[in-house]
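> So here's start.csv, just CSV, C-alpha atoms:
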chain,number,residue,atom,x,y,z
A,1,MET,CA,118.6,133.9,142.8
A,2,ALA,CA,119.1,131.0,140.3
A,3,HIS,CA,122.3,131.1,138.4
A,4,ARG,CA,123.7,129.1,135.5
A,5,ILE,CA,127.2,127.8,135.5
A,6,PRO,CA,128.3,127.3,131.9
A,7,ARG,CA,130.6,124.5,130.9
A,8,GLY,CA,133.3,126.2,128.9
A,9,LEU,CA,134.8,129.2,127.2
A,10,LEU,CA,133.5,128.1,123.8
A,11,ALA,CA,129.9,127.3,123.0
A,12,GLY,CA,131.5,125.0,123.2
A,13,ALA,CA,124.8,101.2,111.6
A,14,THR,CA,123.3,99.8,114.9
A,15,ALA,CA,125.2,96.7,116.0
A,16,THR,CA,123.8,93.6,117.6
A,17,VAL,CA,124.3,93.0,121.3
A,18,ALA,CA,126.7,90.1,120.3
A,19,LEU,CA,128.8,92.5,118.3
A,20,LEU,CA,128.8,95.0,121.1
A,21,MET,CA,130.0,92.4,123.6
A,22,THR,CA,132.8,91.4,121.2
A,23,ALA,CA,133.8,95.0,120.7
A,24,ALA,CA,133.8,95.7,124.4
A,25,SER,CA,135.9,92.7,125.1
A,26,ALA,CA,138.4,93.4,122.4
A,27,SER,CA,138.9,97.0,123.5
A,28,ALA,CA,139.3,96.5,127.2
A,29,THR,CA,142.3,95.3,129.0
A,30,GLY,CA,142.9,94.0,132.5
A,31,THR,CA,140.2,92.7,134.9
A,32,ALA,CA,136.9,94.5,134.9
A,33,PRO,CA,133.8,94.0,137.0
A,34,ALA,CA,131.3,91.7,135.3
A,35,ALA,CA,128.5,93.6,133.7
A,36,LEU,CA,125.7,91.8,135.7
A,37,GLY,CA,122.1,92.9,135.6
A,38,PRO,CA,120.8,95.5,133.2
A,39,GLN,CA,123.4,96.4,130.6
A,40,ALA,CA,124.2,99.5,128.6
A,41,ARG,CA,126.5,100.6,125.8
A,42,VAL,CA,128.6,103.6,126.7
A,43,PHE,CA,131.8,105.3,125.6
A,44,MET,CA,134.9,104.4,127.6
A,45,VAL,CA,135.1,108.0,128.9
A,46,ASN,CA,135.2,109.3,125.4
A,47,PRO,CA,136.3,108.1,121.9
A,48,VAL,CA,139.4,110.3,121.6
A,49,GLN,CA,140.7,109.3,125.0
A,50,SER,CA,140.2,105.6,124.5
A,51,SER,CA,141.5,105.4,120.9
A,52,GLY,CA,144.1,108.2,120.8
A,53,ASP,CA,142.7,109.2,117.4
A,54,GLN,CA,142.8,113.0,117.2
A,55,THR,CA,141.2,113.0,113.7
A,56,LEU,CA,137.7,111.8,114.9
A,57,THR,CA,134.9,114.3,114.2
A,58,ASP,CA,131.2,114.5,115.0
A,59,ALA,CA,130.0,114.0,111.4
A,60,LYS,CA,126.5,115.0,112.4
A,61,ASP,CA,126.0,112.2,114.9
A,62,ALA,CA,126.9,109.5,112.4
A,63,ALA,CA,127.2,106.1,114.0
A,64,ASP,CA,130.2,105.2,111.8
A,65,ALA,CA,132.1,108.4,112.9
A,66,VAL,CA,133.7,106.5,115.8
A,67,PRO,CA,135.0,102.9,115.9
A,68,ALA,CA,133.1,100.1,117.6
A,69,THR,CA,136.0,99.7,119.9
A,70,ALA,CA,135.2,103.1,121.5
A,71,TYR,CA,132.2,101.5,123.2
A,72,ALA,CA,132.0,99.1,126.2
A,73,ILE,CA,129.1,97.1,127.7
A,74,VAL,CA,128.6,98.1,131.3
A,75,ALA,CA,126.1,97.4,134.1
A,76,LEU,CA,123.5,100.0,134.8
A,77,ARG,CA,123.4,100.1,138.6
A,78,ASN,CA,121.1,101.5,141.3
A,79,LEU,CA,118.1,101.6,139.0
A,80,ASP,CA,114.6,101.9,140.6
A,81,GLY,CA,113.0,99.2,138.5
A,82,SER,CA,110.7,101.5,136.5
A,83,GLY,CA,112.2,100.4,133.2
A,84,GLY,CA,113.5,103.9,132.5
A,85,LEU,CA,116.7,105.7,133.4
A,86,SER,CA,115.9,106.6,137.0
A,87,GLY,CA,117.5,105.4,140.1
A,88,ARG,CA,119.2,106.1,143.5
A,89,TRP,CA,121.7,108.7,142.2
A,90,ALA,CA,120.4,109.9,138.9
A,91,SER,CA,117.2,110.4,136.9
A,92,VAL,CA,116.8,111.4,133.3
A,93,ARG,CA,113.7,113.5,133.5
A,94,SER,CA,113.3,114.9,130.0
A,95,ASP,CA,114.9,114.3,126.7
A,96,THR,CA,114.7,114.7,123.0
A,97,GLY,CA,112.9,112.0,121.2
A,98,ALA,CA,111.7,108.8,122.8
A,99,SER,CA,112.9,108.1,126.3
A,100,ALA,CA,115.6,105.5,126.6
A,101,GLN,CA,114.5,102.1,128.0
A,102,VAL,CA,116.7,100.0,130.1
A,103,ALA,CA,115.8,96.9,128.1
A,104,GLU,CA,117.3,98.6,125.0
A,105,ALA,CA,120.2,100.3,126.6
A,106,ALA,CA,122.8,97.9,125.2
A,107,SER,CA,121.7,98.6,121.6
A,108,TYR,CA,121.9,102.4,121.3
A,109,ASN,CA,124.8,104.1,119.6
A,110,ARG,CA,125.7,107.8,119.2
A,111,HIS,CA,123.3,108.2,116.3
A,112,ASP,CA,120.4,107.5,118.7
A,113,ASP,CA,119.1,110.3,121.0
A,114,GLN,CA,118.8,107.7,123.7
A,115,PHE,CA,122.5,107.1,123.8
A,116,GLU,CA,123.2,110.5,125.5
A,117,GLN,CA,120.5,109.6,128.0
A,118,VAL,CA,122.3,106.4,128.9
A,119,MET,CA,125.7,108.1,129.0
A,120,ALA,CA,124.3,110.7,131.5
A,121,TYR,CA,122.7,108.2,133.7
A,122,PHE,CA,125.8,105.9,133.8
A,123,TRP,CA,128.3,108.6,134.4
A,124,VAL,CA,126.4,110.5,137.1
A,125,ASN,CA,125.9,107.2,138.9
A,126,GLU,CA,129.6,106.4,138.4
A,127,ALA,CA,130.6,109.8,139.9
A,128,GLN,CA,128.5,109.4,143.0
A,129,GLU,CA,129.7,105.8,143.4
A,130,TYR,CA,133.2,107.2,143.3
A,131,LEU,CA,132.4,109.7,146.1
A,132,GLN,CA,130.7,107.0,148.1
A,133,GLY,CA,133.8,104.9,147.7
A,134,LEU,CA,135.8,107.7,149.3
A,135,GLY,CA,133.6,107.6,152.3
A,136,PHE,CA,131.2,110.4,151.5
A,137,GLY,CA,127.8,109.4,152.8
A,138,SER,CA,129.2,107.0,155.4
A,139,GLU,CA,132.2,108.1,157.5
A,140,LEU,CA,132.1,111.5,155.9
A,141,PRO,CA,129.1,113.7,155.1
A,142,GLY,CA,127.3,112.9,151.9
A,143,ALA,CA,128.2,115.0,148.9
A,144,ASN,CA,125.2,115.3,146.7
A,145,ASP,CA,124.1,111.8,147.7
A,146,ARG,CA,120.6,112.2,146.3
A,147,VAL,CA,118.8,111.6,143.0
A,148,GLN,CA,120.3,114.1,140.5
A,149,PRO,CA,117.8,115.3,137.9
A,150,VAL,CA,119.2,115.4,134.4
A,151,ARG,CA,117.8,116.9,131.2
A,152,ILE,CA,119.3,115.8,127.9
A,153,ASN,CA,119.5,118.0,124.7
A,154,GLN,CA,117.2,120.5,126.3
A,155,TRP,CA,119.6,123.4,125.7
A,156,GLY,CA,119.8,124.4,122.1
A,157,ALA,CA,123.4,125.4,122.1
A,158,ASP,CA,126.8,123.6,122.4
A,159,ASN,CA,126.9,124.2,126.1
A,160,SER,CA,125.7,122.6,129.3
A,161,PHE,CA,125.1,123.9,132.8
A,162,PHE,CA,123.9,123.2,136.3
A,163,THR,CA,121.2,125.4,137.6
A,164,ASP,CA,120.3,125.8,141.3
A,165,LYS,CA,116.7,126.8,140.4
A,166,LYS,CA,115.8,123.1,140.3
A,167,ALA,CA,119.2,121.7,141.2
A,168,GLU,CA,119.3,120.0,137.9
A,169,ILE,CA,121.9,119.5,135.1
A,170,ARG,CA,121.0,120.4,131.5
A,171,PHE,CA,123.1,119.1,128.7
A,172,GLY,CA,123.2,120.9,125.3
A,173,LYS,CA,123.7,119.8,121.7
A,174,GLY,CA,125.5,121.0,118.7
A,175,GLY,CA,128.8,119.7,117.4
A,176,VAL,CA,129.5,116.7,119.6
A,177,ASP,CA,126.4,116.5,121.8
A,178,ASP,CA,127.7,117.3,125.3
A,179,ALA,CA,126.5,114.1,127.1
A,180,GLU,CA,128.5,112.0,124.7
A,181,ASP,CA,131.6,112.9,126.6
A,182,ALA,CA,131.8,111.5,130.1
A,183,GLU,CA,134.1,114.3,131.2
A,184,VAL,CA,131.5,116.9,130.3
A,185,VAL,CA,128.9,114.9,132.3
A,186,VAL,CA,131.0,114.7,135.4
A,187,HIS,CA,132.2,118.3,135.1
A,188,GLU,CA,128.6,119.4,135.4
A,189,TYR,CA,128.0,117.0,138.2
A,190,GLY,CA,130.9,118.7,140.0
A,191,HIS,CA,128.8,121.9,140.1
A,192,ALA,CA,125.9,119.9,141.6
A,193,VAL,CA,128.2,118.5,144.3
A,194,HIS,CA,129.5,122.0,145.2
A,195,ASN,CA,125.9,123.4,145.4
A,196,ALA,CA,124.8,120.5,147.6
A,197,GLN,CA,127.8,121.1,149.9
A,198,VAL,CA,127.4,124.9,149.9
A,199,PRO,CA,124.0,126.1,148.6
A,200,GLY,CA,124.5,129.0,146.2
A,201,PHE,CA,128.2,128.3,145.8
A,202,GLY,CA,130.0,130.5,143.2
A,203,THR,CA,128.7,134.0,143.9
A,204,SER,CA,132.2,135.7,143.5
A,205,LEU,CA,134.6,135.5,140.6
A,206,GLU,CA,137.1,133.4,142.6
A,207,ALA,CA,134.5,131.1,143.9
A,208,GLY,CA,133.1,130.6,140.4
A,209,SER,CA,136.7,129.8,139.2
A,210,ILE,CA,137.0,127.2,142.0
A,211,GLY,CA,133.7,125.7,140.9
A,212,GLU,CA,134.9,125.3,137.3
A,213,ALA,CA,138.2,123.9,138.4
A,214,PHE,CA,136.7,121.3,140.7
A,215,GLY,CA,134.3,120.3,137.9
A,216,ASP,CA,137.3,119.7,135.6
A,217,TYR,CA,139.3,118.0,138.3
A,218,LEU,CA,136.4,115.6,139.3
A,219,ALA,CA,135.9,114.8,135.6
A,220,VAL,CA,139.5,113.6,135.3
A,221,ALA,CA,139.4,111.8,138.6
A,222,VAL,CA,136.3,109.8,137.9
A,223,GLY,CA,137.4,109.1,134.3
A,224,GLU,CA,140.8,107.8,135.5
A,225,HIS,CA,139.1,105.7,138.2
A,226,ALA,CA,136.8,104.2,135.7
A,227,VAL,CA,139.7,103.4,133.3
A,228,ALA,CA,141.4,101.4,136.1
A,229,ARG,CA,138.1,99.9,137.4
A,230,TYR,CA,137.0,98.5,134.0
A,231,GLY,CA,140.4,97.9,132.4
A,232,TRP,CA,139.8,100.5,129.7
A,233,PRO,CA,142.5,102.0,127.4
A,234,LEU,CA,143.8,105.5,128.1
A,235,LYS,CA,145.6,106.8,125.1
A,236,THR,CA,145.6,110.6,125.6
A,237,ASP,CA,147.0,112.9,128.3
A,238,VAL,CA,144.9,112.3,131.4
A,239,ALA,CA,145.2,116.1,132.3
A,240,CYS,CA,143.3,117.0,129.2
A,241,VAL,CA,139.6,117.6,129.8
A,242,ALA,CA,136.8,116.6,127.3
A,243,ASP,CA,139.0,115.5,124.4
A,244,TRP,CA,135.9,114.4,122.4
A,245,ASP,CA,133.5,117.3,123.0
A,246,SER,CA,136.2,119.7,122.0
A,247,VAL,CA,137.1,118.3,118.6
A,248,MET,CA,134.8,120.9,117.0
A,249,TYR,CA,136.5,123.9,118.5
A,250,SER,CA,140.1,123.1,119.5
A,251,ASP,CA,143.2,122.2,117.7
A,252,ALA,CA,144.7,118.7,118.1
A,253,PRO,CA,145.5,117.4,120.6
A,254,HIS,CA,142.0,118.4,121.5
A,255,CYS,CA,141.2,119.7,125.0
A,256,LEU,CA,138.4,121.8,126.4
A,257,ARG,CA,140.8,122.8,129.2
A,258,ARG,CA,143.8,121.3,131.1
A,259,ILE,CA,144.3,120.7,134.8
A,260,ASP,CA,148.1,120.8,134.6
A,261,SER,CA,148.7,124.4,133.3
A,262,ASP,CA,151.5,126.5,134.6
A,263,LYS,CA,149.2,129.4,135.4
A,264,THR,CA,149.6,131.2,138.7
A,265,TYR,CA,147.5,133.8,140.6
A,266,ALA,CA,149.3,136.6,138.7
A,267,ASP,CA,147.9,135.2,135.5
A,268,ARG,CA,144.2,135.9,136.4
A,269,VAL,CA,142.2,137.3,133.6
A,270,GLY,CA,138.8,137.7,135.3
A,271,GLU,CA,137.1,134.8,133.6
A,272,VAL,CA,136.1,131.8,135.6
A,273,HIS,CA,137.1,129.0,133.2
A,274,ALA,CA,140.5,130.5,132.5
A,275,ASP,CA,141.2,131.4,136.1
A,276,GLY,CA,140.0,128.0,137.2
A,277,GLU,CA,143.0,126.4,135.6
A,278,ILE,CA,145.1,128.0,138.4
A,279,TRP,CA,143.0,126.1,141.1
A,280,SER,CA,142.7,122.8,139.1
A,281,ARG,CA,146.5,122.7,138.8
A,282,ALA,CA,146.9,123.0,142.6
A,283,LEU,CA,144.4,120.1,143.0
A,284,PHE,CA,146.3,118.0,140.4
A,285,ASP,CA,149.5,118.6,142.3
A,286,ILE,CA,147.9,117.6,145.6
A,287,ARG,CA,146.8,114.4,143.9
A,288,THR,CA,150.3,113.8,142.6
A,289,ALA,CA,151.8,114.3,146.1
A,290,LEU,CA,149.3,112.4,148.2
A,291,GLY,CA,147.8,109.9,145.8
A,292,ALA,CA,144.2,109.9,144.5
A,293,ARG,CA,142.3,108.6,147.4
A,294,VAL,CA,143.9,110.8,150.1
A,295,ALA,CA,143.9,113.8,147.9
A,296,ASP,CA,140.2,113.5,146.9
A,297,ARG,CA,139.0,112.9,150.4
A,298,ILE,CA,140.8,116.1,151.5
A,299,ILE,CA,139.7,118.1,148.5
A,300,VAL,CA,136.0,117.2,148.7
A,301,ASN,CA,135.7,117.3,152.5
A,302,ALA,CA,137.3,120.8,152.6
A,303,GLN,CA,134.6,122.1,150.3
A,304,PHE,CA,132.0,121.8,153.1
A,305,GLY,CA,133.8,124.7,154.8
A,306,PHE,CA,133.8,127.0,151.8
A,307,ALA,CA,131.7,130.2,151.8
A,308,PRO,CA,129.5,130.8,148.7
A,309,ASP,CA,131.7,133.7,147.8
A,310,THR,CA,135.0,132.3,149.0
A,311,SER,CA,138.3,133.6,147.7
A,312,PHE,CA,141.2,131.5,146.5
A,313,ALA,CA,143.1,132.3,149.7
A,314,ALA,CA,140.3,131.4,152.1
A,315,ALA,CA,139.5,128.1,150.2
A,316,ALA,CA,143.2,127.2,150.1
A,317,ASN,CA,143.6,127.7,153.8
A,318,THR,CA,140.5,125.7,154.6
A,319,THR,CA,141.8,122.9,152.4
A,320,VAL,CA,145.2,123.0,154.3
A,321,ALA,CA,143.4,122.9,157.6
A,322,THR,CA,141.2,119.9,156.4
A,323,ALA,CA,144.4,118.0,155.4
A,324,GLN,CA,145.9,118.7,158.8
A,325,LYS,CA,142.8,117.4,160.6
A,326,MET,CA,142.4,114.3,158.5
A,327,TYR,CA,146.0,113.2,157.9
A,328,GLY,CA,148.4,115.4,159.9
A,329,LYS,CA,151.2,117.7,159.2
A,330,SER,CA,152.9,116.1,156.2
A,331,ALA,CA,149.6,116.0,154.3
A,332,ALA,CA,148.9,119.6,155.2
A,333,ASP,CA,152.4,120.7,154.1
A,334,ALA,CA,151.9,119.0,150.7
A,335,VAL,CA,148.6,120.8,150.3
A,336,CYS,CA,150.0,124.1,151.3
A,337,ALA,CA,153.0,123.7,148.9
A,338,ALA,CA,150.6,123.0,146.0
A,339,PHE,CA,148.7,126.3,146.6
A,340,GLN,CA,151.8,128.3,147.3
A,341,ALA,CA,153.3,127.0,143.9
A,342,ARG,CA,150.3,128.7,142.2
A,343,GLY,CA,151.2,132.0,143.9
A,344,ILE,CA,148.0,132.3,145.9
A,345,PRO,CA,148.6,135.0,148.5
A,346,GLY,CA,147.9,134.5,152.2
A,347,VAL,CA,148.4,130.7,152.2
A,348,ALA,CA,150.1,129.4,155.3
With the file now loaded, output its structure as structure tokens.


Amino acid sequence: MAHRIPRGLLAGATATVALLMTAASASATGTAPAALGPQARVFMVNPVQSSGDQTLTDAKDAADAVPATAYAIVALRNLDGSGGLSGRWASVRSDTGASAQVAEAASYNRHDDQFEQVMAYFWVNEAQEYLQGLGFGSELPGANDRVQPVRINQWGADNSFFTDKKAEIRFGKGGVDDAEDAEVVVHEYGHAVHNAQVPGFGTSLEAGSIGEAFGDYLAVAVGEHAVARYGWPLKTDVACVADWDSVMYSDAPHCLRRIDSDKTYADRVGEVHADGEIWSRALFDIRTALGARVADRIIVNAQFGFAPDTSFAAAANTTVATAQKMYGKSAADAVCAAFQARGIPGVA
């Protein structure tokens, strides 16, 4: 049966291309890949994260609600040549207003409905490229290595979800439109990855919690990777998820959720987003102990062995066994210690 996996606990003046290029150059540091081929204007993850300004608000999608330095010019990769936002890893199949055109993608800003379309395409593609870079789809099995259908502003509430009915992601609107925040985009893509690895994943409370946790964790991982890849600024706590989307319903410093909470298994409340913070903290600790690349190869590869209704204990032991197989005892010990620190019973 199709099921929806909601995102959170809470429903929760056009510049010239020359100006955009100037703003992007001024706001970025380090050495970034050249934006060759078709170009687009996107947020550097999200405006709060890149600016550190916790006073930013939605202001009804006003273009001047965020600074020009929140944007960057990037390459749109893996397009199919149709002129629209469709390519190897993502396809924006329905939207509100006119469909975005690749030829205009560097001119849209957040006041334009097409901006969210561009954000969704870029960040879904970025997430799959990140997984490909870890070896998924080459030396390791592919993890949602297909065209991911995306619908923008088709859900009339401040929420987004992945549905296994059509294996598509639907982004909502209201407050900050969800696809304006890269971490919301990648969180939902995390659900699509899980479902591709284990069809129907999330049929128990603990499996659903793991799904929410992985979505949050992947959002942080892909965002942090992009910051390093493009030389973008990072001026908020990396463990905070969706700083921009949550400005309308959280106190400053704004966060939808965190992946570094002190929650343990004893703190479960029976709600997937809240209980997911137990699992995401374990993943974050694995990342700290083993480094991003090793940790993420283990974490994602282990998920192929999860059952749709897995428990925390079963999933944790599968992840430990995957670490042992891929990298040996020291890695397995680090993974085991991360889950034991969360008080998950039966982890050995």

> I want to know what sits within 10 Å of Gly270 in chain A, based on all atoms listed in the file, with residues of the same chain fewer than 6 positions away left out; could you give that as a list in words?

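Counting all atoms listed in the file, the residues come to Leu205, Glu206, Ser209 and Gly276 of chain A.
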
> Keeping only C-alpha atoms, write the selected residues as a compact mmCIF listing (two decimals), keeping the file's coordinate frame.


# COMPACT_ATOMS: atom_id res chain seq x y z
CA LEU A 205 134.60 135.50 140.60
CA GLU A 206 137.10 133.40 142.60
CA SER A 209 136.70 129.80 139.20
CA GLY A 276 140.00 128.00 137.20

> Figure out the distance between CA of Ser280 in chain A and CA of Ala213 in chain A, please, to one decimal in Å.

4.7 Å

> For Gly142 in chain A, which of A:Ala63, A:Leu234, A:Ala106, A:Ala196 is the closest residue, counting all atoms listed in the file?

A:Ala196

> Could you check how far CA of Ala182 in chain A sits from CA of Gly215 in chain A, in Å to one decimal?

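Atom-to-atom, CA of Ala182 in chain A to CA of Gly215 in chain A, that is 12.0 Å.
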
> Can you tell me, as a list in words, what residues are no more than 7 Å from Thr203 in chain A when counting all atoms listed in the file, ignoring any on the same chain fewer than 4 positions away?

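With the cut-off at 7 Å, the set is Ala207, Gly208, Pro308 and Asp309 of chain A.
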
> Fewer than 5 positions away in the same chain doesn't count, so skip those; otherwise give me all residues within 7 Å of His187 in chain A, counting only C-alpha atoms, as a list in words.

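Listing them by chain and then by number gives Gly215, Asp216, Leu218 and Ala219 of chain A.
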
> At what distance in Å, to one decimal, does CA of Asp58 in chain A lie from CA of Phe122 in chain A?

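Going from CA of Phe122 in chain A over to CA of Asp58 in chain A, I get 21.4 Å.
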
> Considering all atoms listed in the file, state which residue in the set A:Val176, A:Ala348, A:Ile278, A:Leu290 is at the smallest distance from Ile259 in chain A.

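The closest residue to Ile259 in chain A is A:Ile278.
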
> Nearest residue to Leu56 in chain A out of A:Ile169, A:Met248, A:Val300, A:Val238, using all atoms listed in the file?

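Smallest distance to Leu56 in chain A is found for A:Met248.
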
> Find the residues around Leu36 in chain A up to 9 Å (only C-alpha atoms counted), leave out those fewer than 4 positions away in its own chain, and share them as a list in words.

Val74, Ala75 and Leu76 of chain A

> May I have the residues within 10 Å of Ala321 in chain A as a PDB file with C-alpha atoms, in the frame of the given file, using all atoms listed in the file and disregarding those fewer than 3 positions away in the same chain?


ATOM      1  CA  ILE A 298     140.800 116.100 151.500  1.00  0.00           C
ATOM      2  CA  ALA A 302     137.300 120.800 152.600  1.00  0.00           C
ATOM      3  CA  ALA A 315     139.500 128.100 150.200  1.00  0.00           C
ATOM      4  CA  ALA A 316     143.200 127.200 150.100  1.00  0.00           C
ATOM      5  CA  ASN A 317     143.600 127.700 153.800  1.00  0.00           C
ATOM      6  CA  THR A 318     140.500 125.700 154.600  1.00  0.00           C
ATOM      7  CA  GLN A 324     145.900 118.700 158.800  1.00  0.00           C
ATOM      8  CA  LYS A 325     142.800 117.400 160.600  1.00  0.00           C
ATOM      9  CA  MET A 326     142.400 114.300 158.500  1.00  0.00           C
ATOM     10  CA  GLY A 328     148.400 115.400 159.900  1.00  0.00           C
ATOM     11  CA  LYS A 329     151.200 117.700 159.200  1.00  0.00           C
ATOM     12  CA  ALA A 331     149.600 116.000 154.300  1.00  0.00           C
ATOM     13  CA  ALA A 332     148.900 119.600 155.200  1.00  0.00           C
ATOM     14  CA  ASP A 333     152.400 120.700 154.100  1.00  0.00           C
ATOM     15  CA  VAL A 335     148.600 120.800 150.300  1.00  0.00           C
ATOM     16  CA  CYS A 336     150.000 124.100 151.300  1.00  0.00           C
ATOM     17  CA  ALA A 348     150.100 129.400 155.300  1.00  0.00           C
TER      18      ALA A 348
END

> Using only C-alpha atoms, which of A:Ala226, A:Ala62, A:Leu256, A:Ala143 sits nearest Trp244 in chain A?

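Of all the options, A:Leu256 lies closest to Trp244 in chain A.
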
> Between A:Thr264, A:Asn46, A:Asn144, A:Asn109, which residue has the minimum interatomic distance to Gly343 in chain A, considering all atoms listed in the file?

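Checking each candidate against Gly343 in chain A, we get A:Thr264 as the closest.
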
> Using all atoms listed in the file, which residue out of A:Ala179, A:Leu79, A:Val247, A:Val193 lies closest to Ala120 in chain A?

A:Ala179
